[in-house]
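The file run.cif comes next; it holds mmCIF, N, CA and C atoms.
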data_run
#
loop_
_atom_site.label_atom_id
_atom_site.label_comp_id
_atom_site.auth_asym_id
_atom_site.auth_seq_id
_atom_site.Cartn_x
_atom_site.Cartn_y
_atom_site.Cartn_z
N MET A 26 0.84 -1.18 0.00
CA MET A 26 0.00 0.00 0.00
C MET A 26 0.88 1.24 0.00
N GLN A 27 0.48 2.27 -0.75
CA GLN A 27 1.27 3.48 -0.85
C GLN A 27 1.01 4.39 0.33
N SER A 28 2.05 5.17 0.67
CA SER A 28 1.90 6.14 1.76
C SER A 28 0.96 7.26 1.31
N LYS A 29 0.40 7.98 2.29
CA LYS A 29 -0.51 9.08 1.95
C LYS A 29 0.17 10.15 1.12
N PRO A 30 1.42 10.59 1.44
CA PRO A 30 2.06 11.59 0.58
C PRO A 30 2.26 11.09 -0.84
N ALA A 31 2.67 9.82 -1.01
CA ALA A 31 2.87 9.28 -2.36
C ALA A 31 1.56 9.19 -3.10
N LEU A 32 0.51 8.75 -2.44
CA LEU A 32 -0.81 8.66 -3.07
C LEU A 32 -1.31 10.04 -3.43
N ARG A 33 -1.12 10.99 -2.55
CA ARG A 33 -1.56 12.36 -2.81
C ARG A 33 -0.83 12.92 -4.03
N THR A 34 0.47 12.65 -4.15
CA THR A 34 1.24 13.11 -5.30
C THR A 34 0.71 12.49 -6.58
N LEU A 35 0.47 11.19 -6.58
CA LEU A 35 -0.07 10.52 -7.77
C LEU A 35 -1.42 11.09 -8.16
N LEU A 36 -2.26 11.35 -7.19
CA LEU A 36 -3.58 11.93 -7.48
C LEU A 36 -3.44 13.33 -8.05
N ALA A 37 -2.50 14.10 -7.53
CA ALA A 37 -2.29 15.46 -8.03
C ALA A 37 -1.79 15.43 -9.47
N ILE A 38 -0.89 14.50 -9.78
CA ILE A 38 -0.39 14.37 -11.14
C ILE A 38 -1.53 13.96 -12.07
N ALA A 39 -2.35 13.02 -11.65
CA ALA A 39 -3.49 12.60 -12.47
C ALA A 39 -4.45 13.75 -12.68
N ALA A 40 -4.58 14.62 -11.72
CA ALA A 40 -5.49 15.76 -11.84
C ALA A 40 -5.05 16.74 -12.91
N LEU A 41 -3.77 16.72 -13.29
CA LEU A 41 -3.31 17.61 -14.34
C LEU A 41 -4.09 17.39 -15.63
N GLY A 42 -4.50 16.18 -15.88
CA GLY A 42 -5.29 15.90 -17.06
C GLY A 42 -6.63 16.60 -17.05
N ALA A 43 -7.12 16.92 -15.88
CA ALA A 43 -8.39 17.63 -15.76
C ALA A 43 -8.18 19.13 -15.69
N GLY A 44 -6.94 19.60 -15.74
CA GLY A 44 -6.65 21.02 -15.69
C GLY A 44 -6.10 21.42 -14.33
N ALA A 45 -5.44 22.56 -14.31
CA ALA A 45 -4.78 23.03 -13.10
C ALA A 45 -5.76 23.34 -11.99
N HIS A 46 -7.00 23.72 -12.33
CA HIS A 46 -7.98 24.06 -11.30
C HIS A 46 -8.28 22.88 -10.38
N ALA A 47 -8.07 21.67 -10.84
CA ALA A 47 -8.33 20.49 -10.01
C ALA A 47 -7.33 20.39 -8.87
N LEU A 48 -6.14 20.98 -9.04
CA LEU A 48 -5.12 20.89 -8.01
C LEU A 48 -5.46 21.72 -6.78
N ALA A 49 -6.23 22.77 -6.96
CA ALA A 49 -6.53 23.66 -5.84
C ALA A 49 -7.33 22.96 -4.76
N ALA A 50 -8.18 22.01 -5.14
CA ALA A 50 -9.03 21.33 -4.17
C ALA A 50 -8.24 20.39 -3.26
N ASP A 51 -7.16 19.81 -3.76
CA ASP A 51 -6.37 18.87 -2.98
C ASP A 51 -4.89 19.09 -3.29
N PRO A 52 -4.24 20.05 -2.63
CA PRO A 52 -2.86 20.37 -2.97
C PRO A 52 -1.93 19.20 -2.71
N PRO A 53 -0.81 19.13 -3.46
CA PRO A 53 0.15 18.03 -3.28
C PRO A 53 0.88 18.17 -1.94
N ALA A 54 1.57 17.11 -1.57
CA ALA A 54 2.38 17.12 -0.36
C ALA A 54 3.36 18.30 -0.42
N SER A 55 3.75 18.82 0.74
CA SER A 55 4.60 20.01 0.78
C SER A 55 5.97 19.80 0.15
N ASP A 56 6.42 18.56 -0.01
CA ASP A 56 7.72 18.31 -0.62
C ASP A 56 7.62 18.05 -2.12
N THR A 57 6.44 18.29 -2.70
CA THR A 57 6.22 18.06 -4.12
C THR A 57 5.73 19.35 -4.76
N LEU A 58 6.35 19.75 -5.87
CA LEU A 58 5.95 20.93 -6.61
C LEU A 58 5.46 20.51 -7.98
N ILE A 59 4.23 20.82 -8.29
CA ILE A 59 3.65 20.52 -9.59
C ILE A 59 3.37 21.85 -10.27
N THR A 60 3.92 22.05 -11.46
CA THR A 60 3.77 23.29 -12.20
C THR A 60 3.08 23.02 -13.52
N PRO A 61 1.82 23.43 -13.68
CA PRO A 61 1.17 23.27 -14.98
C PRO A 61 1.93 24.07 -16.04
N LEU A 62 2.17 23.48 -17.20
CA LEU A 62 2.95 24.13 -18.24
C LEU A 62 2.12 24.60 -19.42
N LEU A 63 1.12 23.83 -19.81
CA LEU A 63 0.37 24.15 -21.02
C LEU A 63 -0.93 23.38 -21.01
N GLU A 64 -2.00 24.02 -21.40
CA GLU A 64 -3.29 23.35 -21.58
C GLU A 64 -3.80 23.74 -22.95
N GLN A 65 -4.16 22.76 -23.78
CA GLN A 65 -4.53 23.02 -25.16
C GLN A 65 -5.71 22.14 -25.55
N PRO A 66 -6.81 22.73 -26.05
CA PRO A 66 -7.89 21.90 -26.59
C PRO A 66 -7.35 21.07 -27.77
N LEU A 67 -7.83 19.84 -27.89
CA LEU A 67 -7.34 18.95 -28.94
C LEU A 67 -8.35 18.80 -30.06
N THR A 68 -7.84 18.43 -31.23
CA THR A 68 -8.68 18.11 -32.37
C THR A 68 -9.41 16.80 -32.10
N ALA A 69 -10.72 16.75 -32.40
CA ALA A 69 -11.49 15.53 -32.17
C ALA A 69 -10.96 14.40 -33.07
N ARG A 70 -10.89 13.19 -32.50
CA ARG A 70 -10.40 12.03 -33.24
C ARG A 70 -11.25 10.82 -32.89
N GLU A 71 -11.37 9.92 -33.86
CA GLU A 71 -12.13 8.68 -33.65
C GLU A 71 -11.38 7.73 -32.71
N ALA A 72 -10.10 7.52 -32.99
CA ALA A 72 -9.29 6.57 -32.21
C ALA A 72 -7.94 7.21 -31.91
N PRO A 73 -7.88 8.10 -30.92
CA PRO A 73 -6.63 8.81 -30.67
C PRO A 73 -5.54 7.91 -30.09
N VAL A 74 -4.31 8.26 -30.45
CA VAL A 74 -3.12 7.59 -29.95
C VAL A 74 -2.18 8.69 -29.47
N ALA A 75 -1.54 8.48 -28.35
CA ALA A 75 -0.52 9.41 -27.86
C ALA A 75 0.84 8.76 -28.00
N SER A 76 1.81 9.54 -28.46
CA SER A 76 3.19 9.08 -28.58
C SER A 76 4.09 10.10 -27.89
N MET A 77 5.15 9.60 -27.26
CA MET A 77 6.10 10.48 -26.59
C MET A 77 7.50 10.06 -27.01
N LEU A 78 8.32 11.06 -27.38
CA LEU A 78 9.69 10.76 -27.78
C LEU A 78 10.58 11.94 -27.44
N THR A 79 11.87 11.72 -27.48
CA THR A 79 12.82 12.82 -27.33
C THR A 79 13.56 13.02 -28.64
N VAL A 80 13.95 14.26 -28.89
CA VAL A 80 14.77 14.62 -30.05
C VAL A 80 16.02 15.28 -29.51
N GLU A 81 17.17 14.85 -30.02
CA GLU A 81 18.43 15.44 -29.62
C GLU A 81 19.10 16.01 -30.87
N TYR A 82 19.36 17.30 -30.84
CA TYR A 82 20.06 17.97 -31.93
C TYR A 82 21.51 18.19 -31.53
N LYS A 83 22.43 17.75 -32.35
CA LYS A 83 23.83 18.10 -32.17
C LYS A 83 23.97 19.59 -32.50
N PRO A 84 25.07 20.22 -32.11
CA PRO A 84 25.25 21.64 -32.43
C PRO A 84 25.02 21.90 -33.93
N GLY A 85 24.19 22.90 -34.22
CA GLY A 85 23.91 23.28 -35.60
C GLY A 85 22.94 22.38 -36.35
N ALA A 86 22.46 21.29 -35.76
CA ALA A 86 21.58 20.35 -36.45
C ALA A 86 20.18 20.91 -36.65
N SER A 87 19.48 20.37 -37.64
CA SER A 87 18.11 20.80 -37.93
C SER A 87 17.34 19.67 -38.59
N THR A 88 16.05 19.89 -38.72
CA THR A 88 15.16 18.97 -39.42
C THR A 88 14.57 19.72 -40.60
N PRO A 89 14.53 19.10 -41.79
CA PRO A 89 13.93 19.78 -42.95
C PRO A 89 12.44 20.07 -42.71
N PRO A 90 11.85 20.99 -43.49
CA PRO A 90 10.41 21.28 -43.33
C PRO A 90 9.57 20.01 -43.36
N HIS A 91 8.55 20.00 -42.49
CA HIS A 91 7.71 18.81 -42.36
C HIS A 91 6.38 19.19 -41.70
N THR A 92 5.49 18.23 -41.65
CA THR A 92 4.24 18.38 -40.92
C THR A 92 4.13 17.26 -39.91
N HIS A 93 3.30 17.50 -38.92
CA HIS A 93 2.94 16.47 -37.95
C HIS A 93 1.42 16.36 -38.01
N PRO A 94 0.86 15.29 -38.54
CA PRO A 94 -0.60 15.16 -38.55
C PRO A 94 -1.10 14.81 -37.15
N ALA A 95 -0.83 15.72 -36.22
CA ALA A 95 -1.10 15.47 -34.80
C ALA A 95 -1.12 16.80 -34.05
N ASP A 96 -1.76 16.80 -32.90
CA ASP A 96 -1.55 17.87 -31.94
C ASP A 96 -0.17 17.58 -31.36
N THR A 97 0.75 18.55 -31.44
CA THR A 97 2.14 18.31 -31.09
C THR A 97 2.56 19.25 -29.96
N PHE A 98 3.05 18.66 -28.89
CA PHE A 98 3.50 19.40 -27.71
C PHE A 98 4.99 19.20 -27.53
N VAL A 99 5.73 20.29 -27.35
CA VAL A 99 7.18 20.24 -27.19
C VAL A 99 7.54 20.83 -25.83
N TYR A 100 8.48 20.19 -25.14
CA TYR A 100 9.03 20.69 -23.89
C TYR A 100 10.55 20.60 -24.00
N VAL A 101 11.23 21.73 -23.93
CA VAL A 101 12.68 21.74 -24.08
C VAL A 101 13.33 21.28 -22.78
N LEU A 102 14.16 20.25 -22.89
CA LEU A 102 14.86 19.68 -21.74
C LEU A 102 16.20 20.34 -21.49
N SER A 103 16.95 20.62 -22.57
CA SER A 103 18.25 21.26 -22.42
C SER A 103 18.62 21.98 -23.71
N GLY A 104 19.50 22.97 -23.58
CA GLY A 104 19.92 23.74 -24.74
C GLY A 104 18.84 24.70 -25.18
N ALA A 105 18.91 25.11 -26.45
CA ALA A 105 17.93 26.03 -27.03
C ALA A 105 17.63 25.60 -28.45
N ILE A 106 16.37 25.73 -28.84
CA ILE A 106 15.95 25.36 -30.20
C ILE A 106 15.16 26.51 -30.81
N GLU A 107 15.17 26.56 -32.13
CA GLU A 107 14.37 27.53 -32.87
C GLU A 107 13.26 26.78 -33.57
N MET A 108 12.03 27.29 -33.43
CA MET A 108 10.85 26.66 -34.03
C MET A 108 10.04 27.73 -34.75
N GLN A 109 9.51 27.34 -35.92
CA GLN A 109 8.62 28.23 -36.65
C GLN A 109 7.69 27.39 -37.52
N VAL A 110 6.43 27.78 -37.59
CA VAL A 110 5.48 27.18 -38.52
C VAL A 110 5.15 28.21 -39.58
N ALA A 111 4.70 27.75 -40.76
CA ALA A 111 4.36 28.64 -41.86
C ALA A 111 3.37 29.70 -41.38
N GLY A 112 3.70 30.96 -41.64
CA GLY A 112 2.83 32.06 -41.24
C GLY A 112 3.00 32.49 -39.79
N GLY A 113 3.83 31.78 -39.02
CA GLY A 113 4.04 32.11 -37.61
C GLY A 113 5.38 32.79 -37.40
N GLU A 114 5.58 33.29 -36.20
CA GLU A 114 6.85 33.94 -35.89
C GLU A 114 7.87 32.91 -35.39
N MET A 115 9.13 33.23 -35.59
CA MET A 115 10.22 32.38 -35.11
C MET A 115 10.23 32.44 -33.58
N LYS A 116 10.32 31.28 -32.95
CA LYS A 116 10.40 31.19 -31.49
C LYS A 116 11.75 30.58 -31.13
N VAL A 117 12.42 31.16 -30.15
CA VAL A 117 13.62 30.58 -29.58
C VAL A 117 13.22 30.05 -28.22
N LEU A 118 13.32 28.73 -28.05
CA LEU A 118 12.88 28.06 -26.83
C LEU A 118 14.08 27.54 -26.07
N LYS A 119 14.08 27.78 -24.76
CA LYS A 119 15.16 27.32 -23.89
C LYS A 119 14.61 26.27 -22.93
N ALA A 120 15.49 25.64 -22.19
CA ALA A 120 15.10 24.59 -21.24
C ALA A 120 13.94 25.09 -20.38
N GLY A 121 12.87 24.27 -20.32
CA GLY A 121 11.68 24.60 -19.54
C GLY A 121 10.58 25.25 -20.36
N ASP A 122 10.87 25.69 -21.59
CA ASP A 122 9.85 26.31 -22.44
C ASP A 122 9.01 25.24 -23.14
N THR A 123 7.78 25.62 -23.49
CA THR A 123 6.87 24.73 -24.20
C THR A 123 6.49 25.34 -25.55
N TYR A 124 5.99 24.48 -26.43
CA TYR A 124 5.60 24.90 -27.78
C TYR A 124 4.48 23.97 -28.24
N TYR A 125 3.54 24.50 -29.01
CA TYR A 125 2.43 23.69 -29.51
C TYR A 125 2.29 23.90 -31.01
N GLU A 126 2.02 22.81 -31.75
CA GLU A 126 1.71 22.86 -33.17
C GLU A 126 0.38 22.19 -33.43
N LYS A 127 -0.43 22.83 -34.27
CA LYS A 127 -1.71 22.23 -34.69
C LYS A 127 -1.45 21.18 -35.77
N PRO A 128 -2.38 20.25 -35.95
CA PRO A 128 -2.21 19.22 -36.99
C PRO A 128 -2.14 19.81 -38.40
N THR A 129 -2.62 21.03 -38.59
CA THR A 129 -2.62 21.66 -39.91
C THR A 129 -1.39 22.53 -40.16
N ASP A 130 -0.51 22.67 -39.17
CA ASP A 130 0.69 23.51 -39.33
C ASP A 130 1.74 22.82 -40.18
N THR A 131 2.48 23.62 -40.94
CA THR A 131 3.68 23.14 -41.62
C THR A 131 4.86 23.68 -40.83
N HIS A 132 5.68 22.79 -40.33
CA HIS A 132 6.82 23.13 -39.49
C HIS A 132 7.98 23.51 -40.42
N THR A 133 8.20 24.81 -40.60
CA THR A 133 9.21 25.28 -41.55
C THR A 133 10.61 25.33 -40.96
N VAL A 134 10.73 25.61 -39.65
CA VAL A 134 12.03 25.68 -39.00
C VAL A 134 11.99 24.85 -37.73
N SER A 135 12.95 23.95 -37.59
CA SER A 135 13.16 23.18 -36.37
C SER A 135 14.65 22.91 -36.31
N ARG A 136 15.34 23.66 -35.42
CA ARG A 136 16.80 23.52 -35.39
C ARG A 136 17.38 23.90 -34.03
N ASN A 137 18.59 23.42 -33.82
CA ASN A 137 19.35 23.80 -32.64
C ASN A 137 19.73 25.27 -32.81
N ALA A 138 19.50 26.08 -31.79
CA ALA A 138 19.83 27.50 -31.85
C ALA A 138 21.33 27.75 -31.66
N SER A 139 22.07 26.72 -31.29
CA SER A 139 23.51 26.87 -31.01
C SER A 139 24.35 26.08 -32.01
N GLN A 140 25.47 26.67 -32.36
CA GLN A 140 26.46 25.99 -33.20
C GLN A 140 27.50 25.24 -32.36
N THR A 141 27.41 25.39 -31.00
CA THR A 141 28.43 24.78 -30.14
C THR A 141 27.88 23.86 -29.06
N GLU A 142 26.59 23.97 -28.73
CA GLU A 142 26.00 23.19 -27.66
C GLU A 142 24.87 22.30 -28.20
N PRO A 143 24.71 21.08 -27.67
CA PRO A 143 23.58 20.24 -28.09
C PRO A 143 22.27 20.75 -27.48
N ALA A 144 21.16 20.25 -28.00
CA ALA A 144 19.83 20.59 -27.48
C ALA A 144 19.00 19.31 -27.45
N LYS A 145 18.12 19.21 -26.46
CA LYS A 145 17.27 18.03 -26.33
C LYS A 145 15.87 18.48 -25.93
N PHE A 146 14.85 17.89 -26.58
CA PHE A 146 13.48 18.23 -26.22
C PHE A 146 12.58 17.00 -26.27
N LEU A 147 11.54 17.07 -25.47
CA LEU A 147 10.53 16.03 -25.38
C LEU A 147 9.37 16.43 -26.28
N VAL A 148 8.84 15.48 -27.04
CA VAL A 148 7.69 15.73 -27.91
C VAL A 148 6.59 14.74 -27.59
N VAL A 149 5.37 15.26 -27.43
CA VAL A 149 4.19 14.41 -27.25
C VAL A 149 3.25 14.68 -28.41
N PHE A 150 2.86 13.62 -29.11
CA PHE A 150 1.93 13.70 -30.23
C PHE A 150 0.61 13.06 -29.81
N VAL A 151 -0.50 13.68 -30.16
CA VAL A 151 -1.82 13.07 -30.04
C VAL A 151 -2.35 13.04 -31.47
N ARG A 152 -2.52 11.84 -32.00
CA ARG A 152 -2.82 11.67 -33.42
C ARG A 152 -3.83 10.56 -33.63
N ASP A 153 -4.28 10.42 -34.88
CA ASP A 153 -5.15 9.30 -35.23
C ASP A 153 -4.31 8.03 -35.24
N ALA A 154 -4.93 6.92 -34.84
CA ALA A 154 -4.24 5.63 -34.88
C ALA A 154 -3.76 5.38 -36.31
N GLY A 155 -2.51 4.96 -36.45
CA GLY A 155 -1.94 4.66 -37.76
C GLY A 155 -1.32 5.84 -38.47
N ALA A 156 -1.56 7.06 -38.02
CA ALA A 156 -0.98 8.24 -38.66
C ALA A 156 0.50 8.36 -38.27
N PRO A 157 1.34 8.80 -39.19
CA PRO A 157 2.76 8.96 -38.85
C PRO A 157 2.93 10.16 -37.90
N VAL A 158 4.06 10.22 -37.23
CA VAL A 158 4.32 11.38 -36.37
C VAL A 158 4.97 12.51 -37.14
N LEU A 159 5.55 12.21 -38.32
CA LEU A 159 6.21 13.23 -39.12
C LEU A 159 6.08 12.88 -40.59
N GLU A 160 5.74 13.90 -41.40
CA GLU A 160 5.69 13.73 -42.85
C GLU A 160 6.53 14.83 -43.49
N PRO A 161 7.56 14.46 -44.28
CA PRO A 161 8.39 15.48 -44.95
C PRO A 161 7.55 16.31 -45.92
N VAL A 162 7.92 17.58 -46.10
CA VAL A 162 7.27 18.44 -47.08
C VAL A 162 7.96 18.17 -48.42
N ALA A 163 7.18 17.92 -49.46
CA ALA A 163 7.73 17.60 -50.79
C ALA A 163 8.64 18.72 -51.27
N GLY A 164 9.77 18.32 -51.87
CA GLY A 164 10.70 19.28 -52.44
C GLY A 164 11.76 19.78 -51.48
N HIS A 165 11.78 19.24 -50.26
CA HIS A 165 12.80 19.69 -49.29
C HIS A 165 13.66 18.54 -48.85
#
Go ahead and render the structure in this file as structure tokens.
Amino acid sequence: MQSKPALRTLLAIAALGAGAHALAADPPASDTLITPLLEQPLTAREAPVASMLTVEYKPGASTPPHTHPADTFVYVLSGAIEMQVAGGEMKVLKAGDTYYEKPTDTHTVSRNASQTEPAKFLVVFVRDAGAPVLEPVAGH
């Protein structure tokens, strides 16, 4: 059986799925800090699948233009990355920053912001079952 602080922490983490307002009713143990980072309505899907992966860019590395047929959530773990979608502004994201892409976005820029330091980020995709997580843009 789990201790009350451990159970309370697990319940608080589960409450994140219901939004940050759920945390106010039952705060986590005093030795646990939970920080909501991003809440985003999702595109309706018949059979949604969630995927989680990390991407590591060596200094100066990049990914050619592409799309993600998914709601795409990025959390920068280390270093700095530059992200831009067609029609959007260039974003420079550092460790702890978040980024969201719609399933209809074309990801025009995805690269390490540094020529000397690596960068690593976590990506969570919510997509239709069987859909790829990345599709290259023709001609690039």
Distance atom CA of Asn137 of chain A-atom CA of Glu107 of chain A, one decimal place?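 Separation of atom CA of Asn137 of chain A and atom CA of Glu107 of chain A: 6.2 Å.
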Just checking: using only N, CA and C atoms, which residue out of A:Leu58, A:Ala163, A:Ala154, A:Ala86 ends up closest to Val74 of chain A?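 Under the stated criterion, the closest residue is A:Ala154.
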Which of A:Gly164, A:Pro61, A:Pro94, A:Gly113 sits closest to Lys127 of chain A [using only N, CA and C atoms]: A:Pro94
Which residue is closest to Ser103 of chain A? Choose from A:Ala69, A:Leu147, A:Ile59, A:Val158 and count only N, CA and C atoms.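 Looking at the shortest contact to Ser103 of chain A, the residue is A:Leu147.
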For Met108 of chain A, which of A:Pro84, A:His91, A:Thr129, A:Val134 is the closest residue, counting all atoms listed in the file?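 Looking only at the distances to Met108 of chain A, the closest residue turns out to be A:Val134.
Taking atom N of Leu159 of chain A and atom N of Glu64 of chain A as endpoints, the distance between them is 22.0 Å.
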Would you mind listing what lies within 6.5 Å of Ala138 of chain A as a PyMOL selection string, with all atoms listed in the file counted and same-chain residues fewer than 4 positions away left out? chain A and resi 85+105-107
Around all listed atoms of segment 138-141 of chain A, padded 4 Å per side, what centre and edge lengths does the axis-aligned box have in Å to one decimal, as lines of an AutoDock Vina configuration file?
center_x = 24.0
center_y = 25.8
center_z = -31.1
size_x = 16.9
size_y = 11.9
size_z = 12.1
Could you spell out the hits of the PyMOL selection byres (((chain A and resi 88 and name CA) around 7) and name CA) on the shown file, as a list in words?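 So the PyMOL selection byres (((chain A and resi 88 and name CA) around 7) and name CA) ends up selecting Ser87, Pro89, Pro90, Ser135 and Arg136 of chain A.
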What's the separation between atom N of Thr131 of chain A and atom C of Glu160 of chain A, in Å to one decimal place? 10.0 Å
Could you write out, as a PyMOL selection string, all the residues of segment 46-147 of chain A that DSSP marks as strand (DSSP E)? chain A and resi 73-82+91-92+95-103+105-110+116-119+123-126+131-137+144-147
Shell of 12 Å around Val151 of chain A, only C-alpha atoms, local chain residues under 2 positions omitted, as a JSON list (two decimals) with N, CA and C atoms, keeping the file's coordinate frame:
[["chain", "number", "residue", "atom", "x", "y", "z"],
["A", 65, "GLN", "N", -4.16, 22.76, -23.78],
["A", 65, "GLN", "CA", -4.53, 23.02, -25.16],
["A", 65, "GLN", "C", -5.71, 22.14, -25.55],
["A", 66, "PRO", "N", -6.81, 22.73, -26.05],
["A", 66, "PRO", "CA", -7.89, 21.90, -26.59],
["A", 66, "PRO", "C", -7.35, 21.07, -27.77],
["A", 67, "LEU", "N", -7.83, 19.84, -27.89],
["A", 67, "LEU", "CA", -7.34, 18.95, -28.94],
["A", 67, "LEU", "C", -8.35, 18.80, -30.06],
["A", 68, "THR", "N", -7.84, 18.43, -31.23],
["A", 68, "THR", "CA", -8.68, 18.11, -32.37],
["A", 68, "THR", "C", -9.41, 16.80, -32.10],
["A", 69, "ALA", "N", -10.72, 16.75, -32.40],
["A", 69, "ALA", "CA", -11.49, 15.53, -32.17],
["A", 69, "ALA", "C", -10.96, 14.40, -33.07],
["A", 70, "ARG", "N", -10.89, 13.19, -32.50],
["A", 70, "ARG", "CA", -10.40, 12.03, -33.24],
["A", 70, "ARG", "C", -11.25, 10.82, -32.89],
["A", 71, "GLU", "N", -11.37, 9.92, -33.86],
["A", 71, "GLU", "CA", -12.13, 8.68, -33.65],
["A", 71, "GLU", "C", -11.38, 7.73, -32.71],
["A", 72, "ALA", "N", -10.10, 7.52, -32.99],
["A", 72, "ALA", "CA", -9.29, 6.57, -32.21],
["A", 72, "ALA", "C", -7.94, 7.21, -31.91],
["A", 73, "PRO", "N", -7.88, 8.10, -30.92],
["A", 73, "PRO", "CA", -6.63, 8.81, -30.67],
["A", 73, "PRO", "C", -5.54, 7.91, -30.09],
["A", 74, "VAL", "N", -4.31, 8.26, -30.45],
["A", 74, "VAL", "CA", -3.12, 7.59, -29.95],
["A", 74, "VAL", "C", -2.18, 8.69, -29.47],
["A", 75, "ALA", "N", -1.54, 8.48, -28.35],
["A", 75, "ALA", "CA", -0.52, 9.41, -27.86],
["A", 75, "ALA", "C", 0.84, 8.76, -28.00],
["A", 76, "SER", "N", 1.81, 9.54, -28.46],
["A", 76, "SER", "CA", 3.19, 9.08, -28.58],
["A", 76, "SER", "C", 4.09, 10.10, -27.89],
["A", 77, "MET", "N", 5.15, 9.60, -27.26],
["A", 77, "MET", "CA", 6.10, 10.48, -26.59],
["A", 77, "MET", "C", 7.50, 10.06, -27.01],
["A", 78, "LEU", "N", 8.32, 11.06, -27.38],
["A", 78, "LEU", "CA", 9.69, 10.76, -27.78],
["A", 78, "LEU", "C", 10.58, 11.94, -27.44],
["A", 93, "HIS", "N", 3.30, 17.50, -38.92],
["A", 93, "HIS", "CA", 2.94, 16.47, -37.95],
["A", 93, "HIS", "C", 1.42, 16.36, -38.01],
["A", 94, "PRO", "N", 0.86, 15.29, -38.54],
["A", 94, "PRO", "CA", -0.60, 15.16, -38.55],
["A", 94, "PRO", "C", -1.10, 14.81, -37.15],
["A", 95, "ALA", "N", -0.83, 15.72, -36.22],
["A", 95, "ALA", "CA", -1.10, 15.47, -34.80],
["A", 95, "ALA", "C", -1.12, 16.80, -34.05],
["A", 96, "ASP", "N", -1.76, 16.80, -32.90],
["A", 96, "ASP", "CA", -1.55, 17.87, -31.94],
["A", 96, "ASP", "C", -0.17, 17.58, -31.36],
["A", 97, "THR", "N", 0.75, 18.55, -31.44],
["A", 97, "THR", "CA", 2.14, 18.31, -31.09],
["A", 97, "THR", "C", 2.56, 19.25, -29.96],
["A", 98, "PHE", "N", 3.05, 18.66, -28.89],
["A", 98, "PHE", "CA", 3.50, 19.40, -27.71],
["A", 98, "PHE", "C", 4.99, 19.20, -27.53],
["A", 99, "VAL", "N", 5.73, 20.29, -27.35],
["A", 99, "VAL", "CA", 7.18, 20.24, -27.19],
["A", 99, "VAL", "C", 7.54, 20.83, -25.83],
["A", 125, "TYR", "N", 3.54, 24.50, -29.01],
["A", 125, "TYR", "CA", 2.43, 23.69, -29.51],
["A", 125, "TYR", "C", 2.29, 23.90, -31.01],
["A", 126, "GLU", "N", 2.02, 22.81, -31.75],
["A", 126, "GLU", "CA", 1.71, 22.86, -33.17],
["A", 126, "GLU", "C", 0.38, 22.19, -33.43],
["A", 127, "LYS", "N", -0.43, 22.83, -34.27],
["A", 127, "LYS", "CA", -1.71, 22.23, -34.69],
["A", 127, "LYS", "C", -1.45, 21.18, -35.77],
["A", 128, "PRO", "N", -2.38, 20.25, -35.95],
["A", 128, "PRO", "CA", -2.21, 19.22, -36.99],
["A", 128, "PRO", "C", -2.14, 19.81, -38.40],
["A", 148, "VAL", "N", 8.84, 15.48, -27.04],
["A", 148, "VAL", "CA", 7.69, 15.73, -27.91],
["A", 148, "VAL", "C", 6.59, 14.74, -27.59],
["A", 149, "VAL", "N", 5.37, 15.26, -27.43],
["A", 149, "VAL", "CA", 4.19, 14.41, -27.25],
["A", 149, "VAL", "C", 3.25, 14.68, -28.41],
["A", 153, "ASP", "N", -4.28, 10.42, -34.88],
["A", 153, "ASP", "CA", -5.15, 9.30, -35.23],
["A", 153, "ASP", "C", -4.31, 8.03, -35.24],
["A", 154, "ALA", "N", -4.93, 6.92, -34.84],
["A", 154, "ALA", "CA", -4.24, 5.63, -34.88],
["A", 154, "ALA", "C", -3.76, 5.38, -36.31],
["A", 155, "GLY", "N", -2.51, 4.96, -36.45],
["A", 155, "GLY", "CA", -1.94, 4.66, -37.76],
["A", 155, "GLY", "C", -1.32, 5.84, -38.47],
["A", 156, "ALA", "N", -1.56, 7.06, -38.02],
["A", 156, "ALA", "CA", -0.98, 8.24, -38.66],
["A", 156, "ALA", "C", 0.50, 8.36, -38.27],
["A", 157, "PRO", "N", 1.34, 8.80, -39.19],
["A", 157, "PRO", "CA", 2.76, 8.96, -38.85],
["A", 157, "PRO", "C", 2.93, 10.16, -37.90],
["A", 158, "VAL", "N", 4.06, 10.22, -37.23],
["A", 158, "VAL", "CA", 4.32, 11.38, -36.37],
["A", 158, "VAL", "C", 4.97, 12.51, -37.14]]
File for segment 109-116 of chain A (N, CA and C atoms), as an mmCIF file, in the first residue's frame:
data_model
loop_
_atom_site.group_PDB
_atom_site.id
_atom_site.type_symbol
_atom_site.label_atom_id
_atom_site.label_comp_id
_atom_site.auth_asym_id
_atom_site.auth_seq_id
_atom_site.Cartn_x
_atom_site.Cartn_y
_atom_site.Cartn_z
ATOM 1 N N GLN A 109 9.508 27.344 -35.917
ATOM 2 C CA GLN A 109 8.617 28.230 -36.655
ATOM 3 C C GLN A 109 7.693 27.390 -37.522
ATOM 4 N N VAL A 110 6.431 27.782 -37.588
ATOM 5 C CA VAL A 110 5.479 27.179 -38.516
ATOM 6 C C VAL A 110 5.151 28.210 -39.582
ATOM 7 N N ALA A 111 4.705 27.748 -40.763
ATOM 8 C CA ALA A 111 4.364 28.641 -41.862
ATOM 9 C C ALA A 111 3.370 29.699 -41.383
ATOM 10 N N GLY A 112 3.698 30.955 -41.640
ATOM 11 C CA GLY A 112 2.831 32.056 -41.237
ATOM 12 C C GLY A 112 2.999 32.494 -39.792
ATOM 13 N N GLY A 113 3.830 31.778 -39.024
ATOM 14 C CA GLY A 113 4.038 32.111 -37.610
ATOM 15 C C GLY A 113 5.376 32.787 -37.397
ATOM 16 N N GLU A 114 5.580 33.290 -36.202
ATOM 17 C CA GLU A 114 6.849 33.936 -35.887
ATOM 18 C C GLU A 114 7.866 32.910 -35.390
ATOM 19 N N MET A 115 9.129 33.231 -35.592
ATOM 20 C CA MET A 115 10.216 32.384 -35.106
ATOM 21 C C MET A 115 10.230 32.443 -33.584
ATOM 22 N N LYS A 116 10.325 31.284 -32.951
ATOM 23 C CA LYS A 116 10.404 31.189 -31.494
ATOM 24 C C LYS A 116 11.747 30.578 -31.127
#
